[in-house]
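Next up, my_file32.txt (compact mmCIF, C-alpha atoms and all ligand atoms):
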# COMPACT_ATOMS: atom_id res chain seq x y z
CA MET A 1 116.96 79.96 77.37
CA GLN A 2 115.76 76.36 77.45
CA GLN A 3 112.06 75.59 77.15
CA GLY A 4 110.45 72.20 77.75
CA PRO A 5 107.61 70.61 75.75
CA GLY A 6 104.71 71.57 78.06
CA ALA A 7 105.35 75.30 78.07
CA ASP A 8 103.64 76.18 74.79
CA GLU A 9 100.30 74.78 75.89
CA VAL A 10 100.34 76.80 79.13
CA LEU A 11 101.44 79.94 77.28
CA ALA A 12 98.53 79.49 74.89
CA ALA A 13 96.10 79.21 77.85
CA ILE A 14 97.59 82.33 79.45
CA THR A 15 97.22 84.20 76.17
CA ALA A 16 93.61 83.10 75.85
CA GLU A 17 92.72 83.96 79.48
CA PRO A 18 95.15 86.46 81.00
CA ALA A 19 92.56 87.67 83.53
CA THR A 20 92.62 84.26 85.28
CA THR A 21 96.40 84.07 85.36
CA LEU A 22 98.66 84.50 88.39
CA VAL A 23 102.27 85.51 87.67
CA ALA A 24 104.41 85.03 90.78
CA ALA A 25 108.16 85.26 91.38
CA ASP A 26 110.65 84.83 94.16
CA PHE A 27 112.74 87.92 95.02
CA ASP A 28 116.45 87.21 95.71
CA GLY A 29 118.20 85.51 92.82
CA THR A 30 115.09 85.72 90.62
CA LEU A 31 113.98 89.37 90.42
CA SER A 32 117.10 90.62 92.23
CA PRO A 33 120.73 89.77 91.43
CA ILE A 34 122.61 88.09 94.28
CA VAL A 35 124.88 90.57 96.10
CA ASP A 36 127.08 90.22 99.20
CA ASP A 37 125.05 92.44 101.51
CA PRO A 38 121.32 91.55 101.61
CA GLU A 39 120.47 95.17 102.44
CA ARG A 40 122.00 96.28 99.13
CA ALA A 41 119.85 93.97 97.03
CA PHE A 42 117.49 95.60 94.53
CA ALA A 43 114.97 94.35 92.01
CA ASP A 44 116.24 94.44 88.43
CA PRO A 45 114.47 97.50 86.95
CA ALA A 46 113.76 95.54 83.75
CA ALA A 47 111.99 92.85 85.79
CA VAL A 48 109.88 95.42 87.64
CA ASP A 49 109.00 97.08 84.31
CA ALA A 50 107.90 93.72 82.94
CA LEU A 51 105.83 92.93 86.06
CA ALA A 52 104.19 96.36 85.80
CA ARG A 53 103.26 95.68 82.17
CA LEU A 54 101.90 92.25 83.12
CA GLY A 55 100.03 93.77 86.05
CA ARG A 56 97.84 95.64 83.58
CA VAL A 57 96.66 92.47 81.83
CA VAL A 58 96.90 89.43 84.09
CA GLY A 59 94.67 88.74 87.08
CA THR A 60 97.41 88.93 89.71
CA VAL A 61 101.12 89.70 89.94
CA ALA A 62 102.81 88.49 93.13
CA VAL A 63 106.19 88.13 94.82
CA ILE A 64 106.67 85.26 97.28
CA THR A 65 109.85 85.61 99.30
CA GLY A 66 111.74 84.61 102.43
CA ARG A 67 112.35 88.28 103.13
CA PRO A 68 110.26 90.24 105.59
CA VAL A 69 107.46 91.70 103.50
CA ARG A 70 108.36 95.32 104.30
CA THR A 71 111.95 94.68 103.18
CA ALA A 72 110.84 93.11 99.91
CA VAL A 73 108.43 95.95 99.10
CA ARG A 74 111.15 98.52 99.88
CA LEU A 75 113.97 96.80 97.99
CA GLY A 76 111.65 96.05 95.08
CA GLY A 77 110.37 99.59 94.80
CA PHE A 78 106.88 98.17 94.25
CA ALA A 79 104.74 100.66 96.20
CA GLY A 80 102.99 103.27 94.10
CA ARG A 81 104.26 101.80 90.87
CA ASP A 82 101.91 102.18 87.86
CA GLY A 83 100.71 98.76 86.74
CA LEU A 84 101.28 97.15 90.14
CA GLY A 85 98.11 98.48 91.75
CA SER A 86 96.78 95.01 92.57
CA MET A 87 100.13 93.36 93.34
CA VAL A 88 100.49 91.04 96.34
CA VAL A 89 103.80 90.45 98.15
CA LEU A 90 103.98 87.49 100.53
CA GLY A 91 106.95 87.69 102.91
CA GLN A 92 108.62 85.29 105.37
CA TYR A 93 107.53 82.35 103.17
CA GLY A 94 103.90 83.48 103.18
CA VAL A 95 103.35 84.51 106.81
CA GLU A 96 103.41 88.23 106.04
CA ARG A 97 101.48 90.04 103.29
CA TRP A 98 101.33 93.36 101.49
CA ASP A 99 98.50 94.36 99.17
CA ALA A 100 99.35 97.22 96.86
CA ASP A 101 95.64 98.01 96.79
CA GLY A 102 95.35 100.33 99.78
CA ASP A 103 99.05 99.84 100.68
CA ARG A 104 97.94 97.35 103.35
CA TYR A 105 100.37 95.28 105.43
CA ASP A 106 99.42 92.19 107.42
CA VAL A 107 102.42 91.38 109.61
CA PRO A 108 101.87 89.14 112.66
CA PRO A 109 103.92 89.88 115.79
CA ASP A 110 107.39 88.33 115.94
CA PRO A 111 107.35 84.95 117.69
CA PRO A 112 109.25 84.78 121.02
CA GLU A 113 111.10 81.56 120.10
CA LEU A 114 113.72 83.39 118.04
CA ALA A 115 115.15 85.45 120.91
CA ALA A 116 116.96 82.50 122.52
CA VAL A 117 118.36 81.48 119.12
CA ALA A 118 119.65 84.99 118.47
CA GLU A 119 121.46 84.92 121.82
CA ALA A 120 123.12 81.58 121.04
CA VAL A 121 124.34 82.48 117.54
CA PRO A 122 127.51 84.50 118.37
CA ALA A 123 128.97 81.68 120.52
CA LEU A 124 128.07 79.12 117.85
CA LEU A 125 129.85 81.15 115.17
CA ALA A 126 132.92 81.60 117.39
CA ALA A 127 133.06 77.87 118.10
CA HIS A 128 133.14 77.10 114.38
CA ASP A 129 135.63 79.69 113.18
CA ALA A 130 132.91 81.79 111.54
CA GLU A 131 132.78 84.99 113.60
CA GLY A 132 132.65 87.05 110.40
CA ALA A 133 129.41 85.48 109.18
CA ARG A 134 126.70 88.06 108.58
CA VAL A 135 123.68 87.56 110.85
CA GLU A 136 120.39 88.79 109.43
CA ASP A 137 117.70 89.13 112.10
CA LYS A 138 114.35 89.09 110.31
CA GLY A 139 112.18 89.02 113.44
CA ARG A 140 110.49 85.76 112.47
CA ALA A 141 113.76 84.18 111.36
CA ILE A 142 117.54 84.48 111.67
CA GLY A 143 119.74 84.09 108.62
CA ILE A 144 123.42 83.20 108.98
CA HIS A 145 125.20 84.22 105.78
CA THR A 146 128.60 82.75 104.84
CA ARG A 147 128.97 84.53 101.46
CA GLU A 148 131.49 87.09 102.72
CA LEU A 149 133.70 84.60 104.60
CA PRO A 150 137.08 83.65 103.05
CA ASP A 151 135.89 80.15 102.06
CA ALA A 152 132.11 80.58 101.94
CA ALA A 153 131.29 77.02 100.88
CA ALA A 154 133.51 75.42 103.54
CA ALA A 155 132.05 77.68 106.24
CA PHE A 156 128.53 76.79 105.09
CA GLU A 157 129.25 73.06 105.42
CA ARG A 158 131.00 73.56 108.78
CA LEU A 159 128.01 75.43 110.16
CA ARG A 160 125.21 73.36 108.66
CA GLY A 161 125.17 70.64 111.38
CA PRO A 162 125.49 72.95 114.41
CA VAL A 163 122.92 75.43 113.05
CA THR A 164 120.50 72.56 112.32
CA ALA A 165 120.99 71.28 115.90
CA LEU A 166 120.37 74.77 117.30
CA ALA A 167 117.13 75.04 115.28
CA GLU A 168 115.98 71.60 116.46
CA GLN A 169 116.73 72.40 120.12
CA HIS A 170 114.18 75.19 119.89
CA GLY A 171 111.60 73.32 117.81
CA LEU A 172 112.43 75.44 114.77
CA HIS A 173 113.09 74.68 111.11
CA LEU A 174 116.34 75.01 109.16
CA GLU A 175 115.93 76.60 105.72
CA PRO A 176 119.14 76.34 103.71
CA GLY A 177 119.69 78.67 100.76
CA LYS A 178 122.44 80.25 98.68
CA GLN A 179 125.26 80.61 101.26
CA VAL A 180 122.66 81.13 103.97
CA LEU A 181 121.39 78.96 106.81
CA GLU A 182 118.12 80.31 108.07
CA ILE A 183 116.37 79.34 111.31
CA ARG A 184 112.64 79.97 111.20
CA LEU A 185 109.32 78.69 112.47
CA PRO A 186 107.95 75.54 110.81
CA GLY A 187 104.47 75.35 109.35
CA MET A 188 104.56 77.71 106.38
CA ASP A 189 106.32 77.48 103.04
CA LYS A 190 106.03 78.93 99.56
CA GLY A 191 103.96 75.93 98.46
CA HIS A 192 101.19 76.67 100.94
CA ALA A 193 101.50 80.35 100.10
CA ILE A 194 101.02 79.93 96.35
CA GLU A 195 98.20 77.41 96.74
CA ALA A 196 96.30 79.83 98.97
CA LEU A 197 96.84 82.71 96.54
CA VAL A 198 95.69 80.64 93.56
CA ALA A 199 92.51 79.70 95.46
CA GLU A 200 91.88 83.26 96.64
CA ARG A 201 92.28 84.73 93.15
CA GLY A 202 90.54 81.90 91.30
CA ALA A 203 93.57 81.51 89.05
CA ARG A 204 93.37 78.91 86.28
CA GLN A 205 96.93 79.44 85.04
CA VAL A 206 99.93 80.06 87.28
CA VAL A 207 103.50 81.06 86.49
CA PHE A 208 106.11 80.81 89.24
CA ALA A 209 109.76 81.80 88.87
CA GLY A 210 112.37 80.84 91.44
CA ASP A 211 116.04 80.05 91.93
CA ASP A 212 116.73 78.46 95.31
CA LEU A 213 115.82 75.55 97.58
CA GLY A 214 113.15 77.57 99.38
CA ASP A 215 111.28 77.73 96.06
CA LEU A 216 110.98 73.95 95.68
CA PRO A 217 107.74 73.71 97.73
CA ALA A 218 106.19 76.25 95.34
CA PHE A 219 107.40 74.21 92.36
CA ALA A 220 105.78 71.09 93.87
CA ALA A 221 102.57 72.96 94.68
CA VAL A 222 102.25 74.32 91.14
CA ARG A 223 102.70 70.81 89.73
CA GLY A 224 100.11 69.53 92.24
CA LEU A 225 97.58 72.13 91.12
CA ALA A 226 97.30 70.33 87.77
CA ALA A 227 95.07 67.79 89.52
CA ARG A 228 92.60 70.65 90.10
CA GLY A 229 92.78 71.78 86.48
CA VAL A 230 95.15 74.71 87.13
CA ARG A 231 97.85 74.90 84.46
CA GLY A 232 101.33 75.66 85.77
CA LEU A 233 104.49 77.06 84.19
CA LEU A 234 107.71 76.92 86.22
CA VAL A 235 110.63 79.19 85.40
CA CYS A 236 114.08 78.57 86.86
CA SER A 237 116.43 81.51 87.30
CA GLY A 238 119.52 79.45 86.55
CA SER A 239 122.87 79.86 88.28
CA THR A 240 125.98 77.83 88.95
CA GLU A 241 125.29 78.23 92.68
CA GLU A 242 122.09 76.16 92.81
CA ARG A 243 121.09 73.57 90.23
CA ALA A 244 118.27 71.77 92.06
CA LEU A 245 115.45 73.59 90.27
CA SER A 246 116.50 73.37 86.64
CA ASP A 247 115.43 69.75 86.11
CA GLN A 248 111.95 70.51 87.41
CA ALA A 249 111.37 73.72 85.46
CA ASP A 250 109.56 74.19 82.16
CA VAL A 251 111.83 77.11 81.28
CA VAL A 252 115.41 77.75 82.38
CA VAL A 253 116.83 81.23 81.88
CA ASP A 254 120.11 82.86 82.79
CA GLY A 255 119.62 84.47 86.21
CA PRO A 256 117.57 87.57 87.02
CA ALA A 257 118.42 89.25 83.70
CA GLY A 258 117.02 86.18 81.92
CA VAL A 259 113.91 86.28 84.12
CA ALA A 260 113.38 89.94 83.25
CA ASP A 261 113.70 89.15 79.52
CA TRP A 262 111.29 86.22 79.82
CA LEU A 263 108.69 88.28 81.70
CA ALA A 264 109.03 91.06 79.11
CA ALA A 265 108.49 88.52 76.32
CA LEU A 266 105.35 87.30 78.11
CA ALA A 267 104.12 90.89 78.37
CA ASP A 268 104.79 91.35 74.62
CA ARG A 269 102.86 88.19 73.88
CA LEU A 270 99.89 89.43 75.91
CA GLY A 271 100.00 92.82 74.18
CA ALA A 272 100.67 94.53 77.52
O1 LIG A 301 112.90 83.82 98.97
P1 LIG A 301 113.96 84.75 98.44
O2 LIG A 301 113.40 86.04 97.96
O3 LIG A 301 114.84 84.10 97.43
O4 LIG A 301 114.87 85.07 99.72
C1 LIG A 301 115.76 84.03 100.19
C2 LIG A 301 116.86 84.68 101.02
O5 LIG A 301 117.45 85.66 100.20
C3 LIG A 301 118.40 86.55 100.75
O6 LIG A 301 119.66 85.93 100.75
C4 LIG A 301 120.15 85.70 99.44
O7 LIG A 301 120.31 86.96 98.76
C5 LIG A 301 121.28 87.84 99.36
C6 LIG A 301 121.27 89.16 98.58
O8 LIG A 301 121.54 88.95 97.23
C7 LIG A 301 122.64 87.17 99.35
O9 LIG A 301 123.62 87.99 99.97
C8 LIG A 301 122.56 85.82 100.09
O10 LIG A 301 123.80 85.12 99.99
C9 LIG A 301 121.46 84.96 99.50
O11 LIG A 301 121.27 83.77 100.26
C10 LIG A 301 117.99 87.09 102.10
O12 LIG A 301 119.04 87.76 102.71
C11 LIG A 301 117.37 86.04 102.99
O13 LIG A 301 116.79 86.67 104.14
C12 LIG A 301 116.27 85.33 102.24
O14 LIG A 301 115.65 84.37 103.07
As structure tokens, please, write out the structure in this file.
Amino acid sequence: MQQGPGADEVLAAITAEPATTLVAADFDGTLSPIVDDPERAFADPAAVDALARLGRVVGTVAVITGRPVRTAVRLGGFAGRDGLGSMVVLGQYGVERWDADGDRYDVPPDPPELAAVAEAVPALLAAHDAEGARVEDKGRAIGIHTRELPDAAAAFERLRGPVTALAEQHGLHLEPGKQVLEIRLPGMDKGHAIEALVAERGARQVVFAGDDLGDLPAFAAVRGLAARGVRGLLVCSGSTEERALSDQADVVVDGPAGVADWLAALADRLGA
């Protein structure tokens, strides 16, 4: 683990005022190890244990993910879990929401724009020697995964331009991630999502842990919250696959297992 100079001060503030602290994490690559098939992903049980311990002492525990919210709640095993009774999960980059309190989902209808994209994807993949790419239809977004192709990185680069053009043709946004090119609606990102949650919960300290490019808006938002007196602590779930977050983080740990250990250490510190 690497820890930067500002972390101790934020940890001290969290320890002094846990009830006004928001602890938020991304799902894939942060709470959940990266696997080939997105449907086989699961939250690291040690990370969920740590979140459940933290959920008893901090103001809010949240997950902010690109996954559909129902998928994240299911793969995370969060529903009905002791300690997570006031958890919030924000899915599809903040468009969808689940509140553990009352087991309430707020999921807007799927936008019609994605249907034409879904129709165009098979021909696009065939034209770029990528028929075997996994296509994940998330209703509000379509993910094209190259991880299982023979040369995943080359396929990703081959597809990036055409998939970007397809998104632009339909007025949509390209969200690149770990061996995935995702086409989704513009207008929402994890930065807006975390800012809104901080305001809603009146948080004065915020922890956010992430691993991939889609987490960078949340990193920027947490830094920006300092201007409003909200202390932020950014944790990078480090990997060789994506290095863009480590320079901006206060703490860099070794993947989801490192995140779980760090969250458990925070729970220990708070006497949870
Ligand atoms: O915001 P996140 O929770 O990090 O979700 C981002 C995307 O994660 C998923 O894809 C990634 O994880 C998969 C399972 O480990 C892996 O197979 C894939 O290569 C990764 O890119 C998910 O499938 C996407 O829908 C999410 O947007």
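Atom pair atom CA of Glu17 of chain A / atom CA of Met1 of chain A has a distance of 24.7 Å (rounded to one decimal).
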Requested in this report: Output the neighbourhood of ligand LIG 301 (chain A) as an NGL selection string, that is, all protein and nucleic acid residues with some atom at most 9 Å from the ligand, counting all atoms listed in the file.
Outcome: :A and (25-42 or 63-68 or 72 or 91-93 or 136-138 or 141-148 or 175-182 or 190 or 210-215)
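Distance-wise, atom CA of Leu166 of chain A and atom CA of Val95 of chain A end up 22.2 Å apart.
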Query raised in the report: Closest to Leu216 of chain A among A:Leu233, A:Val259, A:Ala249, A:Ala7, using all atoms listed in the file?
Result: A:Ala249
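Between Asp103 of chain A and the candidates A:Leu197, A:Leu54, A:Val117, A:Leu84, the tightest atom-to-atom separation, counting only C-alpha atoms, involves A:Leu84.
Among the candidate residues A:Leu245, A:Ala12, A:Ala118, A:Leu149, the one lying nearest to Ala167 of chain A is A:Ala118, with distances computed using all atoms listed in the file.
Going from atom CA of Val107 of chain A to atom CA of Ala79 of chain A covers 16.5 Å.
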Requested in this report: Just the residues within 12 Å of Ala130 of chain A, please, counting only C-alpha atoms, with nothing from its chain fewer than 2 positions along; format it as JSON, numbers by chain.
Outcome: {"A": [121, 122, 123, 124, 125, 126, 127, 128, 132, 133, 134, 135, 144, 145, 146, 147, 148, 149, 150, 151, 152, 153, 154, 155, 156, 157, 158, 159, 160, 162, 163]}
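Distances here use all atoms listed in the file; by that measure, the residue among A:Leu114, A:Leu90, A:Ala244, A:Ala272 closest to Leu185 of chain A is A:Leu114.
Using all atoms listed in the file, the smallest distance between any of A:Val69, A:Leu22, A:Ala43, A:Ala165 and Ile194 of chain A comes from A:Leu22.
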Query raised in the report: Smallest atom-to-atom distance to Asp254 of chain A: which of A:Arg56, A:Ala120, A:Gln2, A:Arg74, using only C-alpha atoms?
Result: A:Gln2
